[in-house]
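Take a look at the structure below.
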Protein chains: 2
Amino acid sequence: MTIQTNAIDRLHEFGIKLSLQRIAVMNYLLNNYTHPAADTVFNGLYRSIPTLSKTTVYNALKLFVKHGAVIEITIDDKNVRYDADIMQHAHFQCKTCNCIYDVPIKKSKLMMIKKTGNLKITESHLYYKGYCEKCNKNSLNNIL
Amino acid sequence: MTIQTNAIDRLHEFGIKLSLQRIAVMNYLLNNYTHPAADTVFNGLYRSIPTLSKTTVYNALKLFVKHGAVIEITIDDKNVRYDADIMQHAHFQCKTCNCIYDVPIKKSKLMMIKKTGNLKITESHLYYKGYCEKCNKNSLNNIL
DNA sequence: AATCAAATTTGTAATTATTACAATTATATA
DNA sequence: TATATAATTGTAATAATTACAAATTTGATT
């Protein structure tokens, strides 16, 4: 299981106790850059872990977020998406197909604001919305 | 009804047909800078419009967004928030009390990204999360 | 004013994501 | 091994949102 080594490392790194299920969830996130929802993670795993419960997936993801091991993306009004890439980057979501892509950004672009005021800021997120290449092309086809 | 004049103007400006309900919803947004959810808008209005249906509020808000007359804020994993302030600005949400504040930002901070790639970007949102002054103070009190 | 079509509102039911919770199972430690 | 603690599981509850059909309103045309 070379693949799962990273997952175990990540869990250790953030002080999260190991379990078969948690390793599987983290491993899924580390190998699927699709910013999946909890349900998607569950569907990707329950065949190989037949006893897996959806609640466990929710629990694991919430735990990971609490420890800072993964990021919660609230770009979609339908569900929360998760991302194991914890380096600063922005996200783009297509309003047609709902897919989410990573968008590289310059460091320092996020955290700087004019005045922090009295707010204690712990996270910053930059989200773009619009149409991905495929969906944009298709919609043009409908018009032309 | 001096107050509602702005609401009517806003609806006209964005080519939205008028109705009592739509004017009321827009008026609510223009006078409540709390980034309310659909449910909050409904609760703020149904006493003065006894026949108001929650579906109507949802329909009106979706319509406003489609026409660009209000902005949809997907900062909260629980529900969508709405904002009649369509000038570029960022948002902050307190992770304890869930309140949302406006955060002023420099123009041009949002739309610029390194390379647009093949994505057609139509919106950009900058979200901060953390703890508001009140909640931050309270949590410190618990520790000290 | 009467008629008709189109648009809007309403109320209810359905859907879906997420959480609550209690029972079961696994883990770690004495 | 016994026991306490933590994690998992399954089901039920909650809550936001949407679907949809019936009723109402609006606007245009005569």
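Letters for chains follow the order of the structure tokens (A, B, ...), residue numbers begin at 1 for each chain, and ligand numbers begin at 1 in the order shown.
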
Next on the checklist: Set the cut-off to 9 Å and count only C-alpha atoms (C1' of nucleotides): what are the residues of chain A that reach chain C? Output as an MDAnalysis selection string.
Outcome noted: chainID A and resid 39 55 58 78:80

Could you write those residues out with N, CA and C atoms, as a PDB file, in the first residue's frame?
```
ATOM      1  N   ASP A  39     -20.583  12.744   0.096  1.00  0.00           N
ATOM      2  CA  ASP A  39     -21.290  11.678  -0.593  1.00  0.00           C
ATOM      3  C   ASP A  39     -20.437  11.028  -1.678  1.00  0.00           C
ATOM      4  N   THR A  55     -22.087   8.280   7.806  1.00  0.00           N
ATOM      5  CA  THR A  55     -21.778   9.098   8.985  1.00  0.00           C
ATOM      6  C   THR A  55     -20.287   9.104   9.281  1.00  0.00           C
ATOM      7  N   TYR A  58     -18.608  11.536   7.000  1.00  0.00           N
ATOM      8  CA  TYR A  58     -18.848  12.899   7.500  1.00  0.00           C
ATOM      9  C   TYR A  58     -17.985  13.193   8.723  1.00  0.00           C
ATOM     10  N   LYS A  78     -24.981  23.610  -2.949  1.00  0.00           N
ATOM     11  CA  LYS A  78     -25.590  22.307  -2.708  1.00  0.00           C
ATOM     12  C   LYS A  78     -24.917  21.544  -1.563  1.00  0.00           C
ATOM     13  N   ASN A  79     -23.613  21.518  -1.584  1.00  0.00           N
ATOM     14  CA  ASN A  79     -22.908  20.724  -0.580  1.00  0.00           C
ATOM     15  C   ASN A  79     -21.494  21.248  -0.358  1.00  0.00           C
ATOM     16  N   VAL A  80     -20.909  20.782   0.724  1.00  0.00           N
ATOM     17  CA  VAL A  80     -19.546  21.180   1.050  1.00  0.00           C
ATOM     18  C   VAL A  80     -18.583  20.289   0.285  1.00  0.00           C
TER      19      VAL A  80
END
```

Closest pair table for chain A residues within 12 Å of chain D, only C-alpha atoms (C1' of nucleotides), as JSON lines:
```
{"residue": "A:Lys17", "atom": "CA", "partner": "D:DA6", "partner_atom": "C1'", "distance": 10.0}
{"residue": "A:Leu18", "atom": "CA", "partner": "D:DA7", "partner_atom": "C1'", "distance": 10.2}
{"residue": "A:Ser19", "atom": "CA", "partner": "D:DA7", "partner_atom": "C1'", "distance": 8.2}
{"residue": "A:Leu20", "atom": "CA", "partner": "D:DA7", "partner_atom": "C1'", "distance": 10.5}
{"residue": "A:Gln21", "atom": "CA", "partner": "D:DT8", "partner_atom": "C1'", "distance": 8.9}
{"residue": "A:Arg22", "atom": "CA", "partner": "D:DA7", "partner_atom": "C1'", "distance": 10.1}
{"residue": "A:Pro50", "atom": "CA", "partner": "D:DT9", "partner_atom": "C1'", "distance": 11.5}
{"residue": "A:Thr51", "atom": "CA", "partner": "D:DT9", "partner_atom": "C1'", "distance": 7.9}
{"residue": "A:Leu52", "atom": "CA", "partner": "D:DT9", "partner_atom": "C1'", "distance": 7.7}
{"residue": "A:Ser53", "atom": "CA", "partner": "D:DT9", "partner_atom": "C1'", "distance": 5.9}
{"residue": "A:Lys54", "atom": "CA", "partner": "D:DT9", "partner_atom": "C1'", "distance": 8.8}
{"residue": "A:Thr55", "atom": "CA", "partner": "D:DT9", "partner_atom": "C1'", "distance": 7.8}
{"residue": "A:Thr56", "atom": "CA", "partner": "D:DT8", "partner_atom": "C1'", "distance": 6.4}
{"residue": "A:Val57", "atom": "CA", "partner": "D:DT8", "partner_atom": "C1'", "distance": 10.0}
{"residue": "A:Tyr58", "atom": "CA", "partner": "D:DT8", "partner_atom": "C1'", "distance": 11.6}
{"residue": "A:Asn59", "atom": "CA", "partner": "D:DT8", "partner_atom": "C1'", "distance": 9.7}
{"residue": "A:Ala60", "atom": "CA", "partner": "D:DA7", "partner_atom": "C1'", "distance": 10.1}
{"residue": "A:Asp77", "atom": "CA", "partner": "D:DT17", "partner_atom": "C1'", "distance": 9.8}
{"residue": "A:Lys78", "atom": "CA", "partner": "D:DT17", "partner_atom": "C1'", "distance": 8.9}
{"residue": "A:Asn79", "atom": "CA", "partner": "D:DA16", "partner_atom": "C1'", "distance": 10.9}
```

How about saving the chosen residues, C-alpha atoms kept, as a PDB file, in the first residue's frame?
```pdb
ATOM      1  CA  LYS A  17      -5.531   9.059  15.336  1.00  0.00           C
ATOM      2  CA  LEU A  18      -5.507   6.348  12.717  1.00  0.00           C
ATOM      3  CA  SER A  19      -8.317   4.058  11.684  1.00  0.00           C
ATOM      4  CA  LEU A  20      -8.989   2.041   8.569  1.00  0.00           C
ATOM      5  CA  GLN A  21     -11.805   4.376   7.626  1.00  0.00           C
ATOM      6  CA  ARG A  22      -9.896   7.600   8.219  1.00  0.00           C
ATOM      7  CA  PRO A  50     -18.534  -2.731   2.648  1.00  0.00           C
ATOM      8  CA  THR A  51     -19.347  -1.809   6.245  1.00  0.00           C
ATOM      9  CA  LEU A  52     -18.526   1.848   5.733  1.00  0.00           C
ATOM     10  CA  SER A  53     -21.149   4.249   6.992  1.00  0.00           C
ATOM     11  CA  LYS A  54     -21.862   7.623   5.488  1.00  0.00           C
ATOM     12  CA  THR A  55     -21.778   9.098   8.985  1.00  0.00           C
ATOM     13  CA  THR A  56     -18.217   7.893   9.352  1.00  0.00           C
ATOM     14  CA  VAL A  57     -17.230   9.729   6.208  1.00  0.00           C
ATOM     15  CA  TYR A  58     -18.848  12.899   7.500  1.00  0.00           C
ATOM     16  CA  ASN A  59     -17.162  12.438  10.868  1.00  0.00           C
ATOM     17  CA  ALA A  60     -13.749  11.854   9.330  1.00  0.00           C
ATOM     18  CA  ASP A  77     -24.754  26.008  -2.596  1.00  0.00           C
ATOM     19  CA  LYS A  78     -25.590  22.307  -2.708  1.00  0.00           C
ATOM     20  CA  ASN A  79     -22.908  20.724  -0.580  1.00  0.00           C
TER      21      ASN A  79
END
```

Item to check | Interface list for chain B, partner chain A, 7 Å threshold, only C-alpha atoms, as number ranges by chain | outcome: B: 74-77, 80, 104-105, 113-114, 118-133

Just write the chosen residues, N, CA and C atoms, as a CSV table (one decimal), in the first residue's frame.
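Written file, result13.csv:
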```csv
chain,number,residue,atom,x,y,z
B,74,THR,N,-22.0,32.3,-0.9
B,74,THR,CA,-22.0,30.9,-0.5
B,74,THR,C,-20.9,30.7,0.4
B,75,ILE,N,-20.8,31.4,1.5
B,75,ILE,CA,-19.8,31.3,2.5
B,75,ILE,C,-20.1,30.4,3.6
B,76,ASP,N,-21.4,30.1,3.7
B,76,ASP,CA,-21.9,29.3,4.8
B,76,ASP,C,-22.4,28.0,4.3
B,77,ASP,N,-22.0,26.9,5.0
B,77,ASP,CA,-22.4,25.6,4.5
B,77,ASP,C,-23.8,25.2,4.8
B,80,VAL,N,-27.7,29.6,1.6
B,80,VAL,CA,-27.2,30.7,0.8
B,80,VAL,C,-27.6,32.0,1.4
B,104,PRO,N,-14.1,45.7,3.2
B,104,PRO,CA,-13.7,46.5,2.0
B,104,PRO,C,-12.4,46.0,1.4
B,105,ILE,N,-12.3,46.0,0.1
B,105,ILE,CA,-11.1,45.6,-0.5
B,105,ILE,C,-10.7,46.5,-1.6
B,113,ILE,N,-6.2,37.2,-12.0
B,113,ILE,CA,-5.6,35.9,-11.7
B,113,ILE,C,-4.5,35.7,-12.7
B,114,LYS,N,-3.5,34.8,-12.4
B,114,LYS,CA,-2.4,34.7,-13.2
B,114,LYS,C,-2.7,34.4,-14.7
B,118,ASN,N,-8.7,28.3,-19.8
B,118,ASN,CA,-9.8,28.2,-20.7
B,118,ASN,C,-11.2,28.4,-20.0
B,119,LEU,N,-11.1,29.1,-18.8
B,119,LEU,CA,-12.3,29.3,-18.1
B,119,LEU,C,-12.9,30.6,-18.3
B,120,LYS,N,-14.2,30.7,-18.5
B,120,LYS,CA,-14.8,32.0,-18.6
B,120,LYS,C,-15.4,32.4,-17.3
B,121,ILE,N,-14.7,33.3,-16.7
B,121,ILE,CA,-15.0,33.7,-15.3
B,121,ILE,C,-16.0,34.9,-15.3
B,122,THR,N,-17.1,34.7,-14.6
B,122,THR,CA,-18.1,35.7,-14.5
B,122,THR,C,-18.3,36.3,-13.1
B,123,GLU,N,-17.8,35.7,-12.1
B,123,GLU,CA,-17.9,36.2,-10.7
B,123,GLU,C,-16.6,35.8,-10.0
B,124,SER,N,-16.3,36.7,-9.0
B,124,SER,CA,-15.2,36.3,-8.1
B,124,SER,C,-15.6,36.7,-6.7
B,125,HIS,N,-15.3,35.9,-5.7
B,125,HIS,CA,-15.7,36.1,-4.3
B,125,HIS,C,-14.5,35.9,-3.4
B,126,LEU,N,-14.3,36.8,-2.5
B,126,LEU,CA,-13.3,36.7,-1.5
B,126,LEU,C,-13.9,36.6,-0.1
B,127,TYR,N,-13.7,35.4,0.5
B,127,TYR,CA,-14.3,35.1,1.8
B,127,TYR,C,-13.3,35.0,2.9
B,128,TYR,N,-13.5,35.6,4.0
B,128,TYR,CA,-12.7,35.3,5.2
B,128,TYR,C,-13.5,34.6,6.2
B,129,LYS,N,-12.9,33.8,7.0
B,129,LYS,CA,-13.6,33.2,8.2
B,129,LYS,C,-12.7,33.3,9.4
B,130,GLY,N,-13.4,33.3,10.5
B,130,GLY,CA,-12.6,33.4,11.8
B,130,GLY,C,-13.6,33.7,12.9
B,131,TYR,N,-13.2,34.7,13.8
B,131,TYR,CA,-14.1,34.9,14.9
B,131,TYR,C,-14.3,36.4,15.1
B,132,CYS,N,-15.5,36.8,15.2
B,132,CYS,CA,-15.9,38.2,15.4
B,132,CYS,C,-15.4,38.7,16.7
B,133,GLU,N,-15.4,40.0,16.9
B,133,GLU,CA,-14.9,40.6,18.2
B,133,GLU,C,-15.6,40.0,19.4
```

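You will find atom CA of Gly15 of chain A at 18.8 Å from atom CA of Tyr28 of chain A.
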